[in-house]
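Below is final25.pdb, holding PDB, C-alpha atoms and all ligand atoms.
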```pdb
MODEL        1
ATOM      1  CA  MET B   1     -63.047  63.447 113.659  1.00  0.00           C
ATOM      2  CA  ASN B   2     -59.935  63.537 115.839  1.00  0.00           C
ATOM      3  CA  LYS B   3     -61.009  61.211 118.594  1.00  0.00           C
ATOM      4  CA  PRO B   4     -58.481  60.235 121.237  1.00  0.00           C
ATOM      5  CA  GLU B   5     -57.133  56.740 120.772  1.00  0.00           C
ATOM      6  CA  ILE B   6     -58.399  54.141 123.250  1.00  0.00           C
ATOM      7  CA  THR B   7     -55.904  51.507 124.404  1.00  0.00           C
ATOM      8  CA  GLU B   8     -56.374  48.153 126.119  1.00  0.00           C
ATOM      9  CA  ASP B   9     -54.615  49.623 129.143  1.00  0.00           C
ATOM     10  CA  MET B  10     -57.312  52.284 129.354  1.00  0.00           C
ATOM     11  CA  ILE B  11     -59.953  49.538 129.391  1.00  0.00           C
ATOM     12  CA  PHE B  12     -58.118  47.717 132.187  1.00  0.00           C
ATOM     13  CA  ALA B  13     -57.698  51.021 134.052  1.00  0.00           C
ATOM     14  CA  CYS B  14     -61.518  51.394 134.121  1.00  0.00           C
ATOM     15  CA  PHE B  15     -61.644  48.312 136.292  1.00  0.00           C
ATOM     16  CA  ALA B  16     -58.738  49.382 138.502  1.00  0.00           C
ATOM     17  CA  ALA B  17     -61.018  50.036 141.465  1.00  0.00           C
ATOM     18  CA  ALA B  18     -61.744  46.320 141.440  1.00  0.00           C
ATOM     19  CA  LYS B  19     -58.118  45.390 140.962  1.00  0.00           C
ATOM     20  CA  GLN B  20     -57.668  41.755 141.689  1.00  0.00           C
ATOM     21  CA  ASP B  21     -54.752  40.474 143.683  1.00  0.00           C
ATOM     22  CA  SER B  22     -51.734  39.647 141.614  1.00  0.00           C
ATOM     23  CA  ARG B  23     -52.508  36.390 139.928  1.00  0.00           C
ATOM     24  CA  MET B  24     -49.227  34.847 141.004  1.00  0.00           C
ATOM     25  CA  HIS B  25     -50.963  32.333 143.198  1.00  0.00           C
ATOM     26  CA  GLN B  26     -53.631  31.347 140.752  1.00  0.00           C
ATOM     27  CA  THR B  27     -55.319  28.205 141.843  1.00  0.00           C
ATOM     28  CA  ALA B  28     -58.148  26.236 140.370  1.00  0.00           C
ATOM     29  CA  GLU B  29     -60.336  27.438 143.251  1.00  0.00           C
ATOM     30  CA  SER B  30     -59.564  31.099 142.556  1.00  0.00           C
ATOM     31  CA  PHE B  31     -61.017  30.679 139.082  1.00  0.00           C
ATOM     32  CA  VAL B  32     -64.504  30.239 140.495  1.00  0.00           C
ATOM     33  CA  ASP B  33     -64.109  33.886 141.435  1.00  0.00           C
ATOM     34  CA  VAL B  34     -62.723  34.828 138.020  1.00  0.00           C
ATOM     35  CA  GLU B  35     -65.770  33.254 136.370  1.00  0.00           C
ATOM     36  CA  GLU B  36     -68.108  35.084 138.762  1.00  0.00           C
ATOM     37  CA  TYR B  37     -66.288  38.331 138.053  1.00  0.00           C
ATOM     38  CA  GLU B  38     -66.704  37.877 134.307  1.00  0.00           C
ATOM     39  CA  ASN B  39     -70.373  36.970 134.819  1.00  0.00           C
ATOM     40  CA  GLN B  40     -71.278  39.802 137.169  1.00  0.00           C
ATOM     41  CA  ILE B  41     -68.936  42.650 136.272  1.00  0.00           C
ATOM     42  CA  MET B  42     -66.772  42.466 133.196  1.00  0.00           C
ATOM     43  CA  TYR B  43     -69.126  41.204 130.481  1.00  0.00           C
ATOM     44  CA  PRO B  44     -72.251  43.027 131.750  1.00  0.00           C
ATOM     45  CA  GLU B  45     -70.174  46.208 131.745  1.00  0.00           C
ATOM     46  CA  PHE B  46     -68.957  45.520 128.179  1.00  0.00           C
ATOM     47  CA  ALA B  47     -72.605  44.935 127.207  1.00  0.00           C
ATOM     48  CA  ARG B  48     -73.610  48.255 128.727  1.00  0.00           C
ATOM     49  CA  TRP B  49     -70.887  50.015 126.714  1.00  0.00           C
ATOM     50  CA  ALA B  50     -72.013  48.305 123.514  1.00  0.00           C
ATOM     51  CA  GLU B  51     -75.592  49.508 124.120  1.00  0.00           C
ATOM     52  CA  LYS B  52     -74.295  53.031 124.677  1.00  0.00           C
ATOM     53  CA  ALA B  53     -72.228  52.876 121.508  1.00  0.00           C
ATOM     54  CA  GLY B  54     -75.300  51.821 119.493  1.00  0.00           C
ATOM     55  CA  GLN B  55     -74.188  48.187 119.057  1.00  0.00           C
ATOM     56  CA  PRO B  56     -77.109  46.091 120.368  1.00  0.00           C
ATOM     57  CA  ASP B  57     -75.917  42.886 118.648  1.00  0.00           C
ATOM     58  CA  LEU B  58     -72.589  43.115 120.440  1.00  0.00           C
ATOM     59  CA  ALA B  59     -74.366  43.857 123.699  1.00  0.00           C
ATOM     60  CA  ARG B  60     -76.348  40.642 123.186  1.00  0.00           C
ATOM     61  CA  LEU B  61     -73.153  38.674 122.542  1.00  0.00           C
ATOM     62  CA  PHE B  62     -71.498  40.015 125.702  1.00  0.00           C
ATOM     63  CA  ARG B  63     -74.593  39.115 127.735  1.00  0.00           C
ATOM     64  CA  LYS B  64     -74.734  35.636 126.250  1.00  0.00           C
ATOM     65  CA  VAL B  65     -71.088  35.009 127.153  1.00  0.00           C
ATOM     66  CA  ALA B  66     -71.663  36.477 130.634  1.00  0.00           C
ATOM     67  CA  GLY B  67     -74.390  33.853 131.143  1.00  0.00           C
ATOM     68  CA  GLU B  68     -72.037  31.049 130.131  1.00  0.00           C
ATOM     69  CA  GLU B  69     -69.350  32.287 132.533  1.00  0.00           C
ATOM     70  CA  LYS B  70     -71.909  31.780 135.294  1.00  0.00           C
ATOM     71  CA  LEU B  71     -72.272  28.205 134.131  1.00  0.00           C
ATOM     72  CA  HIS B  72     -68.506  27.713 134.373  1.00  0.00           C
ATOM     73  CA  ALA B  73     -68.570  29.009 137.947  1.00  0.00           C
ATOM     74  CA  VAL B  74     -71.314  26.497 138.754  1.00  0.00           C
ATOM     75  CA  TRP B  75     -69.381  23.597 137.200  1.00  0.00           C
ATOM     76  CA  LEU B  76     -66.189  24.558 139.033  1.00  0.00           C
ATOM     77  CA  ARG B  77     -67.974  25.090 142.308  1.00  0.00           C
ATOM     78  CA  GLU B  78     -69.411  21.571 142.105  1.00  0.00           C
ATOM     79  CA  LEU B  79     -65.889  20.317 141.613  1.00  0.00           C
ATOM     80  CA  TYR B  80     -64.593  22.137 144.670  1.00  0.00           C
ATOM     81  CA  ASP B  81     -67.541  21.160 146.797  1.00  0.00           C
ATOM     82  CA  ASP B  82     -66.278  17.625 146.255  1.00  0.00           C
ATOM     83  CA  ILE B  83     -62.761  18.486 147.314  1.00  0.00           C
ATOM     84  CA  GLY B  84     -63.967  20.794 150.053  1.00  0.00           C
ATOM     85  CA  VAL B  85     -62.560  24.175 149.058  1.00  0.00           C
ATOM     86  CA  PRO B  86     -65.373  26.556 148.085  1.00  0.00           C
ATOM     87  CA  SER B  87     -64.307  30.000 146.914  1.00  0.00           C
ATOM     88  CA  ARG B  88     -65.188  33.023 148.977  1.00  0.00           C
ATOM     89  CA  GLY B  89     -65.399  35.266 145.938  1.00  0.00           C
ATOM     90  CA  GLU B  90     -63.542  38.242 147.371  1.00  0.00           C
ATOM     91  CA  ASP B  91     -62.490  39.712 144.037  1.00  0.00           C
ATOM     92  CA  THR B  92     -66.017  39.726 142.699  1.00  0.00           C
ATOM     93  CA  GLN B  93     -67.308  41.335 145.878  1.00  0.00           C
ATOM     94  CA  ARG B  94     -64.630  44.028 145.661  1.00  0.00           C
ATOM     95  CA  ALA B  95     -65.658  44.734 142.083  1.00  0.00           C
ATOM     96  CA  ILE B  96     -69.353  44.929 143.017  1.00  0.00           C
ATOM     97  CA  ASP B  97     -68.462  47.425 145.747  1.00  0.00           C
ATOM     98  CA  ALA B  98     -66.483  49.482 143.229  1.00  0.00           C
ATOM     99  CA  LEU B  99     -69.039  49.293 140.417  1.00  0.00           C
ATOM    100  CA  ASN B 100     -70.013  52.967 140.531  1.00  0.00           C
ATOM    101  CA  THR B 101     -66.381  53.997 140.161  1.00  0.00           C
ATOM    102  CA  ILE B 102     -65.847  51.505 137.361  1.00  0.00           C
ATOM    103  CA  GLN B 103     -68.903  52.758 135.471  1.00  0.00           C
ATOM    104  CA  ALA B 104     -67.915  56.409 135.869  1.00  0.00           C
ATOM    105  CA  ASN B 105     -64.446  55.631 134.466  1.00  0.00           C
ATOM    106  CA  CYS B 106     -65.928  53.750 131.544  1.00  0.00           C
ATOM    107  CA  ASP B 107     -68.451  56.449 130.754  1.00  0.00           C
ATOM    108  CA  GLN B 108     -65.622  58.949 130.434  1.00  0.00           C
ATOM    109  CA  LEU B 109     -63.912  56.736 127.867  1.00  0.00           C
ATOM    110  CA  ILE B 110     -67.126  56.195 125.925  1.00  0.00           C
ATOM    111  CA  ALA B 111     -67.727  59.934 125.794  1.00  0.00           C
ATOM    112  CA  MET B 112     -64.267  60.301 124.232  1.00  0.00           C
ATOM    113  CA  ASN B 113     -64.502  57.603 121.595  1.00  0.00           C
ATOM    114  CA  PRO B 114     -67.304  55.012 121.767  1.00  0.00           C
ATOM    115  CA  GLN B 115     -66.169  52.958 118.755  1.00  0.00           C
ATOM    116  CA  GLY B 116     -62.606  52.835 120.087  1.00  0.00           C
ATOM    117  CA  VAL B 117     -63.891  51.574 123.434  1.00  0.00           C
ATOM    118  CA  ILE B 118     -65.911  48.811 121.791  1.00  0.00           C
ATOM    119  CA  GLU B 119     -63.011  47.696 119.602  1.00  0.00           C
ATOM    120  CA  LYS B 120     -60.658  47.496 122.579  1.00  0.00           C
ATOM    121  CA  ALA B 121     -63.266  45.791 124.785  1.00  0.00           C
ATOM    122  CA  LEU B 122     -63.462  43.079 122.126  1.00  0.00           C
ATOM    123  CA  SER B 123     -59.687  42.699 121.981  1.00  0.00           C
ATOM    124  CA  VAL B 124     -59.481  42.525 125.777  1.00  0.00           C
ATOM    125  CA  ALA B 125     -62.228  39.874 125.752  1.00  0.00           C
ATOM    126  CA  ILE B 126     -60.276  37.848 123.160  1.00  0.00           C
ATOM    127  CA  SER B 127     -57.085  37.984 125.291  1.00  0.00           C
ATOM    128  CA  VAL B 128     -58.968  36.947 128.421  1.00  0.00           C
ATOM    129  CA  GLU B 129     -60.608  34.003 126.657  1.00  0.00           C
ATOM    130  CA  GLU B 130     -57.396  32.936 124.906  1.00  0.00           C
ATOM    131  CA  ARG B 131     -55.490  32.897 128.173  1.00  0.00           C
ATOM    132  CA  GLU B 132     -58.151  30.681 129.717  1.00  0.00           C
ATOM    133  CA  TYR B 133     -58.500  28.115 126.945  1.00  0.00           C
ATOM    134  CA  GLN B 134     -54.845  28.054 125.875  1.00  0.00           C
ATOM    135  CA  ASP B 135     -53.080  28.295 129.216  1.00  0.00           C
ATOM    136  CA  ILE B 136     -54.985  28.316 132.510  1.00  0.00           C
ATOM    137  CA  TYR B 137     -57.568  25.551 132.123  1.00  0.00           C
ATOM    138  CA  PRO B 138     -55.333  23.205 130.116  1.00  0.00           C
ATOM    139  CA  ARG B 139     -52.875  23.365 133.039  1.00  0.00           C
ATOM    140  CA  PHE B 140     -55.625  22.509 135.524  1.00  0.00           C
ATOM    141  CA  ARG B 141     -56.829  19.716 133.230  1.00  0.00           C
ATOM    142  CA  ASP B 142     -53.366  18.227 132.796  1.00  0.00           C
ATOM    143  CA  GLN B 143     -52.777  18.331 136.519  1.00  0.00           C
ATOM    144  CA  ALA B 144     -56.060  16.497 137.097  1.00  0.00           C
ATOM    145  CA  ILE B 145     -55.061  13.884 134.508  1.00  0.00           C
ATOM    146  CA  ALA B 146     -51.682  13.457 136.192  1.00  0.00           C
ATOM    147  CA  GLU B 147     -53.487  12.858 139.471  1.00  0.00           C
ATOM    148  CA  GLY B 148     -55.800  10.300 137.874  1.00  0.00           C
ATOM    149  CA  GLU B 149     -58.856  12.548 138.312  1.00  0.00           C
ATOM    150  CA  THR B 150     -60.481  11.827 134.978  1.00  0.00           C
ATOM    151  CA  GLU B 151     -63.892  13.267 135.867  1.00  0.00           C
ATOM    152  CA  THR B 152     -62.319  16.492 137.081  1.00  0.00           C
ATOM    153  CA  ALA B 153     -60.245  16.654 133.905  1.00  0.00           C
ATOM    154  CA  ALA B 154     -63.433  16.235 131.872  1.00  0.00           C
ATOM    155  CA  VAL B 155     -65.011  19.243 133.580  1.00  0.00           C
ATOM    156  CA  TYR B 156     -61.952  21.366 132.782  1.00  0.00           C
ATOM    157  CA  GLN B 157     -62.114  20.177 129.190  1.00  0.00           C
ATOM    158  CA  ARG B 158     -65.734  21.327 129.008  1.00  0.00           C
ATOM    159  CA  VAL B 159     -64.664  24.773 130.235  1.00  0.00           C
ATOM    160  CA  ILE B 160     -61.787  24.835 127.712  1.00  0.00           C
ATOM    161  CA  ASP B 161     -64.150  24.050 124.821  1.00  0.00           C
ATOM    162  CA  SER B 162     -66.540  26.760 125.948  1.00  0.00           C
ATOM    163  CA  GLU B 163     -63.832  29.418 126.380  1.00  0.00           C
ATOM    164  CA  ALA B 164     -62.436  28.530 122.943  1.00  0.00           C
ATOM    165  CA  GLN B 165     -65.900  29.128 121.512  1.00  0.00           C
ATOM    166  CA  HIS B 166     -66.094  32.494 123.282  1.00  0.00           C
ATOM    167  CA  ALA B 167     -62.764  33.524 121.759  1.00  0.00           C
ATOM    168  CA  ASP B 168     -64.067  32.477 118.313  1.00  0.00           C
ATOM    169  CA  TRP B 169     -67.253  34.489 118.733  1.00  0.00           C
ATOM    170  CA  PHE B 170     -65.316  37.564 119.814  1.00  0.00           C
ATOM    171  CA  ARG B 171     -62.800  37.215 116.966  1.00  0.00           C
ATOM    172  CA  GLY B 172     -65.695  37.062 114.509  1.00  0.00           C
ATOM    173  CA  ALA B 173     -67.399  40.032 116.155  1.00  0.00           C
ATOM    174  CA  LEU B 174     -64.181  42.074 116.063  1.00  0.00           C
ATOM    175  CA  ALA B 175     -63.642  41.306 112.377  1.00  0.00           C
ATOM    176  CA  ASP B 176     -67.247  42.332 111.589  1.00  0.00           C
ATOM    177  CA  PHE B 177     -66.916  45.446 113.704  1.00  0.00           C
ATOM    178  CA  ARG B 178     -63.682  46.518 111.972  1.00  0.00           C
ATOM    179  CA  GLY B 179     -65.214  45.807 108.590  1.00  0.00           C
ATOM    180  CA  ALA B 180     -68.191  48.013 109.378  1.00  0.00           C
ATOM    181  CA  GLN B 181     -65.921  50.773 110.686  1.00  0.00           C
ATOM    182  CA  THR B 182     -63.845  50.686 107.508  1.00  0.00           C
ATOM    183  CA  GLN B 183     -67.019  51.062 105.454  1.00  0.00           C
ATOM    184  CA  VAL B 184     -68.080  54.048 107.555  1.00  0.00           C
ATOM    185  CA  ALA B 185     -64.622  55.623 107.163  1.00  0.00           C
ATOM    186  CA  ALA B 186     -64.801  55.096 103.400  1.00  0.00           C
ATOM    187  CA  GLY B 187     -68.117  56.909 103.376  1.00  0.00           C
ATOM    188  CA  ALA B 188     -70.046  53.878 102.151  1.00  0.00           C
TER
HETATM  189 FE    FE A 201     -65.411  31.075 131.701  1.00  0.00          FE
HETATM  190 FE    FE A 202     -65.312  32.740 128.543  1.00  0.00          FE
ENDMDL
END
```

Full structure transcribed into structure tokens:
Amino acid sequence: MNKPEITEDMIFACFAAAKQDSRMHQTAESFVDVEEYENQIMYPEFARWAEKAGQPDLARLFRKVAGEEKLHAVWLRELYDDIGVPSRGEDTQRAIDALNTIQANCDQLIAMNPQGVIEKALSVAISVEEREYQDIYPRFRDQAIAEGETETAAVYQRVIDSEAQHADWFRGALADFRGAQTQVAAGA
């Protein structure tokens, strides 16, 4: 029963082959790519792990969120079509190119400790969503408001509400998951 501990850093390291540029120069446009990345790589990969770990309900949740991230990319892209700066999606393409490497890394972790991988995938998902609805998109929204772009601000608000819901779903799923693990450990 001595399974190696899985850390959030190990989860991030799985995706290292797709390492995005430092996010120092995060712009609203670059987040089209972030949304595409979550839609095409991160959440589908989390769903695949959940299937492997025998957690089909969690796999369904990850896939549902992945679908909504696509929607965010569509909303944002419409916004940037208006202002004339479509994203080229380089990060997502790099991740797609590296997918075999990413999956091999992840499979190694799952072989070590599947439940640990799922727990940390959920906590990574919560951090990602929290950062988006508490920090990134509110900044874009406030900037749009300051520039008098009320319709643009409304789109960002829609994304914020959706990301906040994702964080809620993942917090609930993590609490349920930990509860079930505790029961297993107690021999229930
Ligand atoms: Fe999103
Ligand atoms: Fe999200």

Measuring atom to atom with all atoms listed in the file, identify which of B:Val124, B:Ile102, B:Val159, B:Ala17 is nearest to ligand FE 202 (chain A).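 Distance minimum relative to ligand FE 202 (chain A) lands on B:Val159.
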
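Near ligand FE 202 (chain A), at a distance of at most 9 Å and with all atoms listed in the file counted, sit the residues Glu35, Glu38, Val65, Ala66, Glu68, Glu69, His72, Ala125, Ile126, Val128, Glu129, Glu130, Glu132, Tyr133, Val159, Ile160, Ser162, Glu163, Ala164, Gln165, His166 and Ala167 of chain B.
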
Expected axis-aligned box over every listed atom of range 105-121 of chain B, 6 Å added per side, centre plus edges in Å to one decimal, as lines of an AutoDock Vina configuration file:
```
center_x = -64.6
center_y = 53.0
center_z = 126.6
size_x = 19.8
size_y = 26.5
size_z = 27.7
```

Using only C-alpha atoms and all ligand atoms, which of the listed residues (B:Arg178, B:Arg77, B:Arg171, B:Lys70) sits closest to ligand FE 201 (chain A)?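 Closest candidate: B:Lys70.
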
Distance in Å - CA of Ser30 in chain B versus CA of Glu147 in chain B: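 Taking CA of Ser30 in chain B as the start and CA of Glu147 in chain B as the end point, the length is 19.5 Å.
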